[in-house]
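Visitor: my_file.pdb is reproduced in full below (PDB, C-alpha atoms, pLDDT in the B column).
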```pdb
ATOM      1  CA  MET H   1       0.000   0.000   0.000  1.00 34.00           C
ATOM      2  CA  VAL H   2       1.306   3.430  -0.919  1.00 35.00           C
ATOM      3  CA  LYS H   3       1.808   5.579   2.145  1.00 39.00           C
ATOM      4  CA  LEU H   4       0.049   8.933   1.923  1.00 38.00           C
ATOM      5  CA  MET H   5       2.196  12.031   2.362  1.00 42.00           C
ATOM      6  CA  SER H   6       1.299  14.595   5.004  1.00 44.00           C
ATOM      7  CA  TYR H   7       0.313  18.089   3.954  1.00 39.00           C
ATOM      8  CA  LYS H   8       3.661  19.375   5.276  1.00 44.00           C
ATOM      9  CA  THR H   9       5.549  17.336   2.693  1.00 44.00           C
ATOM     10  CA  VAL H  10       2.989  17.563  -0.096  1.00 43.00           C
ATOM     11  CA  PHE H  11       2.670  21.354   0.132  1.00 44.00           C
ATOM     12  CA  PRO H  12       6.003  22.051  -1.619  1.00 49.00           C
ATOM     13  CA  LEU H  13       4.745  20.050  -4.609  1.00 48.00           C
ATOM     14  CA  TYR H  14       1.711  22.311  -4.951  1.00 45.00           C
ATOM     15  CA  ALA H  15       3.926  25.357  -4.524  1.00 49.00           C
ATOM     16  CA  TYR H  16       6.264  24.233  -7.299  1.00 48.00           C
ATOM     17  CA  ALA H  17       3.313  23.421  -9.536  1.00 49.00           C
ATOM     18  CA  ALA H  18       1.986  26.940  -8.996  1.00 47.00           C
ATOM     19  CA  LEU H  19       5.385  28.397  -9.824  1.00 50.00           C
ATOM     20  CA  ALA H  20       5.564  26.265 -12.962  1.00 50.00           C
ATOM     21  CA  LEU H  21       2.161  27.627 -14.032  1.00 48.00           C
ATOM     22  CA  ILE H  22       3.408  31.172 -13.470  1.00 47.00           C
ATOM     23  CA  ASN H  23       6.441  30.274 -15.556  1.00 50.00           C
ATOM     24  CA  VAL H  24       4.215  29.259 -18.461  1.00 48.00           C
ATOM     25  CA  ILE H  25       2.172  32.461 -18.258  1.00 45.00           C
ATOM     26  CA  PHE H  26       4.942  34.925 -17.417  1.00 45.00           C
ATOM     27  CA  PRO H  27       8.234  33.254 -18.392  1.00 49.00           C
ATOM     28  CA  ARG H  28      10.235  36.460 -18.727  1.00 47.00           C
ATOM     29  CA  ALA H  29       9.209  37.711 -15.305  1.00 48.00           C
ATOM     30  CA  VAL H  30       9.953  34.408 -13.587  1.00 47.00           C
ATOM     31  CA  PHE H  31      13.479  34.215 -14.964  1.00 52.00           C
ATOM     32  CA  ALA H  32      14.183  37.955 -14.803  1.00 52.00           C
ATOM     33  CA  HIS H  33      17.774  39.030 -14.286  1.00 57.00           C
ATOM     34  CA  HIS H  34      17.256  42.767 -13.903  1.00 57.00           C
ATOM     35  CA  PRO H  35      15.581  43.865 -10.656  1.00 63.00           C
ATOM     36  CA  MET H  36      15.585  47.495 -11.833  1.00 61.00           C
ATOM     37  CA  GLY H  37      14.325  46.867 -15.335  1.00 63.00           C
ATOM     38  CA  GLY H  38      17.791  46.707 -16.871  1.00 65.00           C
ATOM     39  CA  ALA H  39      19.111  49.960 -15.378  1.00 78.00           C
ATOM     40  CA  ALA H  40      22.264  49.860 -13.272  1.00 84.00           C
ATOM     41  CA  PRO H  41      21.808  51.064  -9.670  1.00 88.00           C
ATOM     42  CA  GLY H  42      22.490  54.792  -9.323  1.00 89.00           C
ATOM     43  CA  THR H  43      22.948  54.818  -5.547  1.00 92.00           C
ATOM     44  CA  ALA H  44      24.281  52.483  -2.881  1.00 93.00           C
ATOM     45  CA  TRP H  45      20.736  51.992  -1.584  1.00 94.00           C
ATOM     46  CA  GLN H  46      19.506  51.011  -5.033  1.00 93.00           C
ATOM     47  CA  GLY H  47      22.438  48.621  -5.300  1.00 94.00           C
ATOM     48  CA  PHE H  48      21.591  47.005  -1.968  1.00 96.00           C
ATOM     49  CA  ALA H  49      17.876  46.739  -2.815  1.00 93.00           C
ATOM     50  CA  SER H  50      18.708  45.294  -6.227  1.00 93.00           C
ATOM     51  CA  GLY H  51      20.995  42.709  -4.633  1.00 94.00           C
ATOM     52  CA  ILE H  52      18.247  41.677  -2.224  1.00 95.00           C
ATOM     53  CA  ALA H  53      15.699  41.374  -5.035  1.00 92.00           C
ATOM     54  CA  HIS H  54      17.742  39.564  -7.658  1.00 90.00           C
ATOM     55  CA  PRO H  55      17.808  36.012  -6.212  1.00 90.00           C
ATOM     56  CA  ILE H  56      14.102  36.294  -5.371  1.00 90.00           C
ATOM     57  CA  ILE H  57      12.643  37.503  -8.666  1.00 88.00           C
ATOM     58  CA  GLY H  58      14.703  35.004 -10.647  1.00 88.00           C
ATOM     59  CA  LEU H  59      13.084  31.611 -10.013  1.00 89.00           C
ATOM     60  CA  ASP H  60      16.119  29.772 -11.374  1.00 92.00           C
ATOM     61  CA  HIS H  61      18.391  31.536  -8.868  1.00 93.00           C
ATOM     62  CA  LEU H  62      15.923  31.051  -6.025  1.00 94.00           C
ATOM     63  CA  ALA H  63      15.616  27.327  -6.765  1.00 95.00           C
ATOM     64  CA  PHE H  64      19.408  26.968  -6.757  1.00 96.00           C
ATOM     65  CA  VAL H  65      19.794  28.630  -3.356  1.00 96.00           C
ATOM     66  CA  ILE H  66      16.894  26.578  -1.974  1.00 95.00           C
ATOM     67  CA  ALA H  67      18.604  23.426  -3.268  1.00 95.00           C
ATOM     68  CA  ILE H  68      21.762  24.371  -1.357  1.00 95.00           C
ATOM     69  CA  GLY H  69      19.763  24.625   1.863  1.00 95.00           C
ATOM     70  CA  PHE H  70      18.078  21.275   1.276  1.00 94.00           C
ATOM     71  CA  PHE H  71      21.358  19.578   0.384  1.00 93.00           C
ATOM     72  CA  CYS H  72      22.988  20.852   3.584  1.00 92.00           C
ATOM     73  CA  ALA H  73      20.101  19.303   5.514  1.00 92.00           C
ATOM     74  CA  LEU H  74      20.360  16.056   3.530  1.00 89.00           C
ATOM     75  CA  CYS H  75      24.076  15.707   4.307  1.00 89.00           C
ATOM     76  CA  ARG H  76      23.699  17.058   7.854  1.00 88.00           C
ATOM     77  CA  VAL H  77      26.172  19.853   7.141  1.00 87.00           C
ATOM     78  CA  ARG H  78      26.589  21.830  10.353  1.00 80.00           C
ATOM     79  CA  ASN H  79      29.295  24.150   9.074  1.00 82.00           C
ATOM     80  CA  ILE H  80      28.107  27.454   7.640  1.00 87.00           C
ATOM     81  CA  GLY H  81      31.288  27.530   5.579  1.00 89.00           C
ATOM     82  CA  PHE H  82      29.784  25.417   2.781  1.00 90.00           C
ATOM     83  CA  PRO H  83      26.919  27.764   1.803  1.00 91.00           C
ATOM     84  CA  VAL H  84      29.165  30.775   2.409  1.00 93.00           C
ATOM     85  CA  ALA H  85      31.753  29.346  -0.011  1.00 94.00           C
ATOM     86  CA  LEU H  86      29.106  28.867  -2.704  1.00 94.00           C
ATOM     87  CA  ILE H  87      27.751  32.375  -2.190  1.00 94.00           C
ATOM     88  CA  SER H  88      31.309  33.715  -2.394  1.00 95.00           C
ATOM     89  CA  ALA H  89      31.637  31.959  -5.740  1.00 96.00           C
ATOM     90  CA  SER H  90      28.508  33.769  -6.957  1.00 96.00           C
ATOM     91  CA  VAL H  91      30.017  37.087  -5.825  1.00 96.00           C
ATOM     92  CA  LEU H  92      33.169  36.288  -7.796  1.00 96.00           C
ATOM     93  CA  GLY H  93      31.064  35.524 -10.862  1.00 95.00           C
ATOM     94  CA  SER H  94      29.261  38.857 -10.455  1.00 95.00           C
ATOM     95  CA  LEU H  95      32.551  40.742 -10.338  1.00 95.00           C
ATOM     96  CA  VAL H  96      33.698  38.982 -13.494  1.00 94.00           C
ATOM     97  CA  ARG H  97      30.566  40.114 -15.334  1.00 93.00           C
ATOM     98  CA  TRP H  98      30.763  43.626 -13.871  1.00 93.00           C
ATOM     99  CA  ASN H  99      34.137  43.916 -15.591  1.00 92.00           C
ATOM    100  CA  GLU H 100      32.227  43.194 -18.833  1.00 86.00           C
ATOM    101  CA  ILE H 101      33.851  39.817 -19.402  1.00 87.00           C
ATOM    102  CA  SER H 102      31.571  37.635 -21.500  1.00 82.00           C
ATOM    103  CA  ILE H 103      31.047  33.897 -21.090  1.00 81.00           C
ATOM    104  CA  PHE H 104      29.312  31.849 -23.756  1.00 80.00           C
ATOM    105  CA  TYR H 105      26.271  29.789 -22.785  1.00 84.00           C
ATOM    106  CA  GLY H 106      26.179  31.249 -19.271  1.00 87.00           C
ATOM    107  CA  GLU H 107      22.394  30.910 -18.998  1.00 89.00           C
ATOM    108  CA  LEU H 108      22.603  27.326 -20.204  1.00 92.00           C
ATOM    109  CA  PHE H 109      24.941  26.455 -17.344  1.00 93.00           C
ATOM    110  CA  VAL H 110      22.602  28.213 -14.909  1.00 94.00           C
ATOM    111  CA  ALA H 111      19.696  26.032 -16.048  1.00 93.00           C
ATOM    112  CA  VAL H 112      21.786  22.863 -15.969  1.00 95.00           C
ATOM    113  CA  SER H 113      23.099  23.624 -12.471  1.00 95.00           C
ATOM    114  CA  VAL H 114      19.543  23.958 -11.157  1.00 96.00           C
ATOM    115  CA  LEU H 115      18.497  20.726 -12.863  1.00 95.00           C
ATOM    116  CA  VAL H 116      21.493  18.796 -11.527  1.00 95.00           C
ATOM    117  CA  ALA H 117      20.989  20.156  -7.999  1.00 95.00           C
ATOM    118  CA  GLY H 118      17.391  18.952  -8.154  1.00 94.00           C
ATOM    119  CA  VAL H 119      18.476  15.493  -9.297  1.00 93.00           C
ATOM    120  CA  PHE H 120      20.917  15.248  -6.370  1.00 93.00           C
ATOM    121  CA  LEU H 121      18.030  15.896  -3.990  1.00 93.00           C
ATOM    122  CA  LEU H 122      15.624  13.638  -5.835  1.00 91.00           C
ATOM    123  CA  LEU H 123      18.039  10.717  -5.677  1.00 89.00           C
ATOM    124  CA  ARG H 124      19.166  11.599  -2.139  1.00 88.00           C
ATOM    125  CA  THR H 125      22.755  11.620  -3.357  1.00 85.00           C
ATOM    126  CA  ARG H 126      25.034  12.440  -0.426  1.00 84.00           C
ATOM    127  CA  LYS H 127      28.243  12.771  -2.451  1.00 86.00           C
ATOM    128  CA  MET H 128      29.469  15.977  -0.889  1.00 86.00           C
ATOM    129  CA  ILE H 129      32.579  16.396  -3.035  1.00 88.00           C
ATOM    130  CA  ALA H 130      30.674  15.873  -6.295  1.00 90.00           C
ATOM    131  CA  PHE H 131      27.912  18.282  -5.290  1.00 91.00           C
ATOM    132  CA  SER H 132      30.447  20.836  -4.051  1.00 91.00           C
ATOM    133  CA  GLY H 133      32.250  20.857  -7.388  1.00 92.00           C
ATOM    134  CA  ILE H 134      29.086  21.104  -9.453  1.00 92.00           C
ATOM    135  CA  ALA H 135      27.504  23.671  -7.129  1.00 93.00           C
ATOM    136  CA  THR H 136      30.622  25.843  -7.111  1.00 94.00           C
ATOM    137  CA  ILE H 137      30.717  25.981 -10.902  1.00 94.00           C
ATOM    138  CA  GLY H 138      26.975  26.600 -10.915  1.00 95.00           C
ATOM    139  CA  ALA H 139      27.338  29.401  -8.356  1.00 96.00           C
ATOM    140  CA  LEU H 140      29.922  31.092 -10.570  1.00 95.00           C
ATOM    141  CA  PHE H 141      27.493  31.115 -13.493  1.00 95.00           C
ATOM    142  CA  HIS H 142      24.615  32.266 -11.309  1.00 95.00           C
ATOM    143  CA  GLY H 143      26.878  35.062 -10.089  1.00 95.00           C
ATOM    144  CA  PHE H 144      27.737  35.880 -13.672  1.00 94.00           C
ATOM    145  CA  ALA H 145      24.020  36.335 -14.358  1.00 92.00           C
ATOM    146  CA  TYR H 146      23.681  38.452 -11.213  1.00 93.00           C
ATOM    147  CA  GLY H 147      26.487  40.694 -12.433  1.00 92.00           C
ATOM    148  CA  GLU H 148      24.481  41.614 -15.519  1.00 90.00           C
ATOM    149  CA  ALA H 149      22.424  43.967 -13.338  1.00 90.00           C
ATOM    150  CA  VAL H 150      25.387  46.150 -12.290  1.00 92.00           C
ATOM    151  CA  ILE H 151      27.302  46.581 -15.530  1.00 91.00           C
ATOM    152  CA  GLY H 152      28.242  50.269 -15.701  1.00 91.00           C
ATOM    153  CA  ALA H 153      27.542  50.920 -12.015  1.00 92.00           C
ATOM    154  CA  GLU H 154      30.056  52.634  -9.722  1.00 94.00           C
ATOM    155  CA  SER H 155      32.168  50.431  -7.464  1.00 94.00           C
ATOM    156  CA  THR H 156      30.477  51.623  -4.240  1.00 96.00           C
ATOM    157  CA  HIS H 157      27.082  50.755  -5.683  1.00 95.00           C
ATOM    158  CA  VAL H 158      28.372  47.362  -6.748  1.00 96.00           C
ATOM    159  CA  ILE H 159      29.694  46.672  -3.241  1.00 96.00           C
ATOM    160  CA  ALA H 160      26.252  47.465  -1.805  1.00 96.00           C
ATOM    161  CA  TYR H 161      24.698  45.225  -4.446  1.00 96.00           C
ATOM    162  CA  LEU H 162      26.982  42.324  -3.590  1.00 97.00           C
ATOM    163  CA  PHE H 163      26.329  42.800   0.115  1.00 97.00           C
ATOM    164  CA  GLY H 164      22.574  42.597  -0.435  1.00 96.00           C
ATOM    165  CA  LEU H 165      23.047  39.653  -2.792  1.00 96.00           C
ATOM    166  CA  SER H 166      25.109  37.734  -0.237  1.00 96.00           C
ATOM    167  CA  LEU H 167      22.799  38.588   2.652  1.00 96.00           C
ATOM    168  CA  ILE H 168      19.616  37.368   0.968  1.00 96.00           C
ATOM    169  CA  GLN H 169      21.227  34.189  -0.348  1.00 96.00           C
ATOM    170  CA  ILE H 170      22.638  33.113   3.012  1.00 96.00           C
ATOM    171  CA  THR H 171      19.332  33.986   4.673  1.00 96.00           C
ATOM    172  CA  ILE H 172      17.362  31.844   2.216  1.00 96.00           C
ATOM    173  CA  ALA H 173      19.821  28.943   2.393  1.00 95.00           C
ATOM    174  CA  LEU H 174      19.882  28.886   6.208  1.00 94.00           C
ATOM    175  CA  THR H 175      16.104  29.276   6.455  1.00 95.00           C
ATOM    176  CA  VAL H 176      15.535  26.366   4.081  1.00 95.00           C
ATOM    177  CA  TYR H 177      18.101  24.323   5.987  1.00 94.00           C
ATOM    178  CA  GLY H 178      16.275  24.999   9.246  1.00 93.00           C
ATOM    179  CA  LEU H 179      12.889  24.079   7.789  1.00 93.00           C
ATOM    180  CA  ALA H 180      14.243  20.943   6.100  1.00 92.00           C
ATOM    181  CA  ASP H 181      16.019  19.878   9.270  1.00 91.00           C
ATOM    182  CA  ARG H 182      12.787  20.256  11.214  1.00 91.00           C
ATOM    183  CA  LEU H 183      10.871  18.203   8.644  1.00 89.00           C
ATOM    184  CA  ILE H 184      13.497  15.459   8.855  1.00 88.00           C
ATOM    185  CA  LYS H 185      13.118  15.305  12.633  1.00 88.00           C
ATOM    186  CA  MET H 186       9.328  15.161  12.280  1.00 87.00           C
ATOM    187  CA  HIS H 187       9.546  12.285   9.787  1.00 81.00           C
ATOM    188  CA  ARG H 188      12.496  10.271  11.095  1.00 78.00           C
ATOM    189  CA  LYS H 189      11.135   6.909   9.979  1.00 76.00           C
ATOM    190  CA  ASP H 190      10.237   7.931   6.433  1.00 78.00           C
ATOM    191  CA  ASN H 191      11.389  11.286   5.077  1.00 80.00           C
ATOM    192  CA  ASN H 192      11.766  10.194   1.459  1.00 84.00           C
ATOM    193  CA  SER H 193       8.849  12.401   0.421  1.00 85.00           C
ATOM    194  CA  ILE H 194      10.817  15.475   1.517  1.00 87.00           C
ATOM    195  CA  TRP H 195      13.508  14.771  -1.055  1.00 88.00           C
ATOM    196  CA  VAL H 196      11.037  13.708  -3.733  1.00 89.00           C
ATOM    197  CA  THR H 197       9.083  16.956  -3.498  1.00 90.00           C
ATOM    198  CA  SER H 198      12.089  19.260  -3.105  1.00 92.00           C
ATOM    199  CA  GLY H 199      14.156  17.481  -5.762  1.00 93.00           C
ATOM    200  CA  ALA H 200      11.296  17.291  -8.234  1.00 92.00           C
ATOM    201  CA  GLY H 201      10.452  20.942  -7.675  1.00 92.00           C
ATOM    202  CA  VAL H 202      14.006  22.196  -8.181  1.00 94.00           C
ATOM    203  CA  SER H 203      14.450  19.927 -11.210  1.00 93.00           C
ATOM    204  CA  LEU H 204      11.199  21.257 -12.667  1.00 92.00           C
ATOM    205  CA  VAL H 205      12.491  24.813 -12.458  1.00 92.00           C
ATOM    206  CA  GLY H 206      15.756  23.801 -14.126  1.00 92.00           C
ATOM    207  CA  MET H 207      13.929  21.997 -16.946  1.00 92.00           C
ATOM    208  CA  ALA H 208      11.573  24.950 -17.440  1.00 89.00           C
ATOM    209  CA  HIS H 209      14.504  27.361 -17.731  1.00 89.00           C
ATOM    210  CA  LEU H 210      16.285  24.996 -20.099  1.00 89.00           C
ATOM    211  CA  ALA H 211      13.135  24.693 -22.246  1.00 88.00           C
ATOM    212  CA  LEU H 212      12.854  28.477 -22.457  1.00 85.00           C
ATOM    213  CA  LEU H 213      16.468  28.762 -23.609  1.00 86.00           C
ATOM    214  CA  ILE H 214      15.997  26.097 -26.266  1.00 87.00           C
ATOM    215  CA  ALA H 215      12.774  27.695 -27.479  1.00 83.00           C
ATOM    216  CA  ALA H 216      14.289  31.191 -27.635  1.00 69.00           C
TER     217      ALA H 216
END
```
So that I can check it, write out the structure of this file as structure tokens.
Guide:
Amino acid sequence: MVKLMSYKTVFPLYAYAALALINVIFPRAVFAHHPMGGAAPGTAWQGFASGIAHPIIGLDHLAFVIAIGFFCALCRVRNIGFPVALISASVLGSLVRWNEISIFYGELFVAVSVLVAGVFLLLRTRKMIAFSGIATIGALFHGFAYGEAVIGAESTHVIAYLFGLSLIQITIALTVYGLADRLIKMHRKDNNSIWVTSGAGVSLVGMAHLALLIAA
């Protein structure tokens, strides 16, 4: 007999389905990379606000950061250094793009990194070294996409942007980790549904982004 999932583990599936529907209706908005409509921040405050907004308005970026939080919970990572290292990689990628250095197929790698992160969760793969390598490369490309929003901005505005970007990412990752850790403790005997719903949801976002790139 198939064991029914509780609403606390099924809810993420509905949430991801809703996000997928939004993606179909408003694909450009869901995968937006310009919090200020394409304009570079003109003040430090605008830079900070833009940095806070960027990983939230871009569903691909949000899914990637969420996946990091879930993976830390899956592997019982207690050291904050792991998510901080990945976020630092995204900051480095942003600085590379700010210096107007171009990378071919950057968006493709962003989509693939989200898809792969989702598969790791779906399969409950606890290979820390493999995930670290893939996630670090993915974070660099996500950061490269983030950097698109500050091309032409002054250095002080960029610093504020990167501060906001780092702050929101670590906040999301740690929040997701806390929630996932609590769910694991609530479902000690059978928590497979947690990884099925989270992994499928993240993978869905990656596939949707990839489909948009192919169709473009």
Visitor: Have a look at CA of Leu213 (chain H) and CA of Val96 (chain H) and let me know their distance in Å, one decimal.
Guide: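 Interatomic distance here is 22.4 Å.
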Visitor: Might you spell out which residues the PyMOL selection byres ((chain H and resi 151-160) around 10) would select in the displayed file, as a ChimeraX atom specification?
Guide: /H:38-52,91,94-95,97-100,146-150,161-166
Visitor: With all atoms listed in the file as the basis for distance, which of H:Ile214, H:Leu204, H:Ile101, H:Leu62 is at the shortest distance from His142 (chain H)?
Guide: H:Leu62
Visitor: Convert the output of the PyMOL selection byres ((chain H and resi 65-81) around 9) on the shown file into explicit residues, formatted as a PDB file with C-alpha atoms, in the coordinates of the input.
Guide:
```pdb
ATOM      1  CA  PRO H  55      17.808  36.012  -6.212  1.00 90.00           C
ATOM      2  CA  ASP H  60      16.119  29.772 -11.374  1.00 92.00           C
ATOM      3  CA  HIS H  61      18.391  31.536  -8.868  1.00 93.00           C
ATOM      4  CA  LEU H  62      15.923  31.051  -6.025  1.00 94.00           C
ATOM      5  CA  ALA H  63      15.616  27.327  -6.765  1.00 95.00           C
ATOM      6  CA  PHE H  64      19.408  26.968  -6.757  1.00 96.00           C
ATOM      7  CA  PHE H  82      29.784  25.417   2.781  1.00 90.00           C
ATOM      8  CA  PRO H  83      26.919  27.764   1.803  1.00 91.00           C
ATOM      9  CA  VAL H  84      29.165  30.775   2.409  1.00 93.00           C
ATOM     10  CA  ALA H  85      31.753  29.346  -0.011  1.00 94.00           C
ATOM     11  CA  LEU H  86      29.106  28.867  -2.704  1.00 94.00           C
ATOM     12  CA  ILE H  87      27.751  32.375  -2.190  1.00 94.00           C
ATOM     13  CA  VAL H 114      19.543  23.958 -11.157  1.00 96.00           C
ATOM     14  CA  ALA H 117      20.989  20.156  -7.999  1.00 95.00           C
ATOM     15  CA  GLY H 118      17.391  18.952  -8.154  1.00 94.00           C
ATOM     16  CA  PHE H 120      20.917  15.248  -6.370  1.00 93.00           C
ATOM     17  CA  LEU H 121      18.030  15.896  -3.990  1.00 93.00           C
ATOM     18  CA  ARG H 124      19.166  11.599  -2.139  1.00 88.00           C
ATOM     19  CA  THR H 125      22.755  11.620  -3.357  1.00 85.00           C
ATOM     20  CA  ARG H 126      25.034  12.440  -0.426  1.00 84.00           C
ATOM     21  CA  LYS H 127      28.243  12.771  -2.451  1.00 86.00           C
ATOM     22  CA  MET H 128      29.469  15.977  -0.889  1.00 86.00           C
ATOM     23  CA  PHE H 131      27.912  18.282  -5.290  1.00 91.00           C
ATOM     24  CA  ALA H 135      27.504  23.671  -7.129  1.00 93.00           C
ATOM     25  CA  GLN H 169      21.227  34.189  -0.348  1.00 96.00           C
ATOM     26  CA  ILE H 170      22.638  33.113   3.012  1.00 96.00           C
ATOM     27  CA  ILE H 172      17.362  31.844   2.216  1.00 96.00           C
ATOM     28  CA  ALA H 173      19.821  28.943   2.393  1.00 95.00           C
ATOM     29  CA  LEU H 174      19.882  28.886   6.208  1.00 94.00           C
ATOM     30  CA  THR H 175      16.104  29.276   6.455  1.00 95.00           C
ATOM     31  CA  VAL H 176      15.535  26.366   4.081  1.00 95.00           C
ATOM     32  CA  TYR H 177      18.101  24.323   5.987  1.00 94.00           C
ATOM     33  CA  GLY H 178      16.275  24.999   9.246  1.00 93.00           C
ATOM     34  CA  LEU H 179      12.889  24.079   7.789  1.00 93.00           C
ATOM     35  CA  ALA H 180      14.243  20.943   6.100  1.00 92.00           C
ATOM     36  CA  ASP H 181      16.019  19.878   9.270  1.00 91.00           C
ATOM     37  CA  ILE H 184      13.497  15.459   8.855  1.00 88.00           C
ATOM     38  CA  TRP H 195      13.508  14.771  -1.055  1.00 88.00           C
ATOM     39  CA  SER H 198      12.089  19.260  -3.105  1.00 92.00           C
ATOM     40  CA  GLY H 199      14.156  17.481  -5.762  1.00 93.00           C
ATOM     41  CA  VAL H 202      14.006  22.196  -8.181  1.00 94.00           C
TER      42      VAL H 202
END
```
Visitor: As an exercise, work out the distance from CA of Leu59 (chain H) to CA of Gly206 (chain H) in Å and give it to one decimal place.
Guide: 9.2 Å
Visitor: In Å, rounded to a single decimal, give me how far CA of Leu122 (chain H) is from CA of Ala208 (chain H).
Guide: 16.7 Å
Visitor: Measuring atom to atom with only C-alpha atoms, identify which of H:Val205, H:Asp190, H:Ala89, H:Ser102 is nearest to Ser132 (chain H).
Guide: H:Ala89
Visitor: So which residues get picked by the PyMOL selection byres ((chain H and resi 210) around 12) here, written as a PyMOL selection string?
Guide: chain H and resi 27+31+60+105-116+203-209+211-216
Visitor: Of the candidates H:Gly93, H:Ala130, H:Ala200, H:Leu123, which one gets nearest to Phe144 (chain H) if we count all atoms listed in the file?
Guide: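 The answer is H:Gly93, which sits nearest to Phe144 (chain H).
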Visitor: With all atoms of region 62-71 of chain H from the file as input, state the centre and edge lengths in Å to one decimal of the axis-aligned box that has 8 Å extra on each side, as AutoDock Vina command-line options.
Guide:
```
--center_x 18.7 --center_y 25.3 --center_z -2.5 --size_x 22.1 --size_y 27.5 --size_z 24.6
```
Visitor: Taking only C-alpha atoms into account, which of H:Phe104, H:Ala53, H:Gly143, H:Val119 comes nearest Leu92 (chain H)?
Guide: H:Gly143
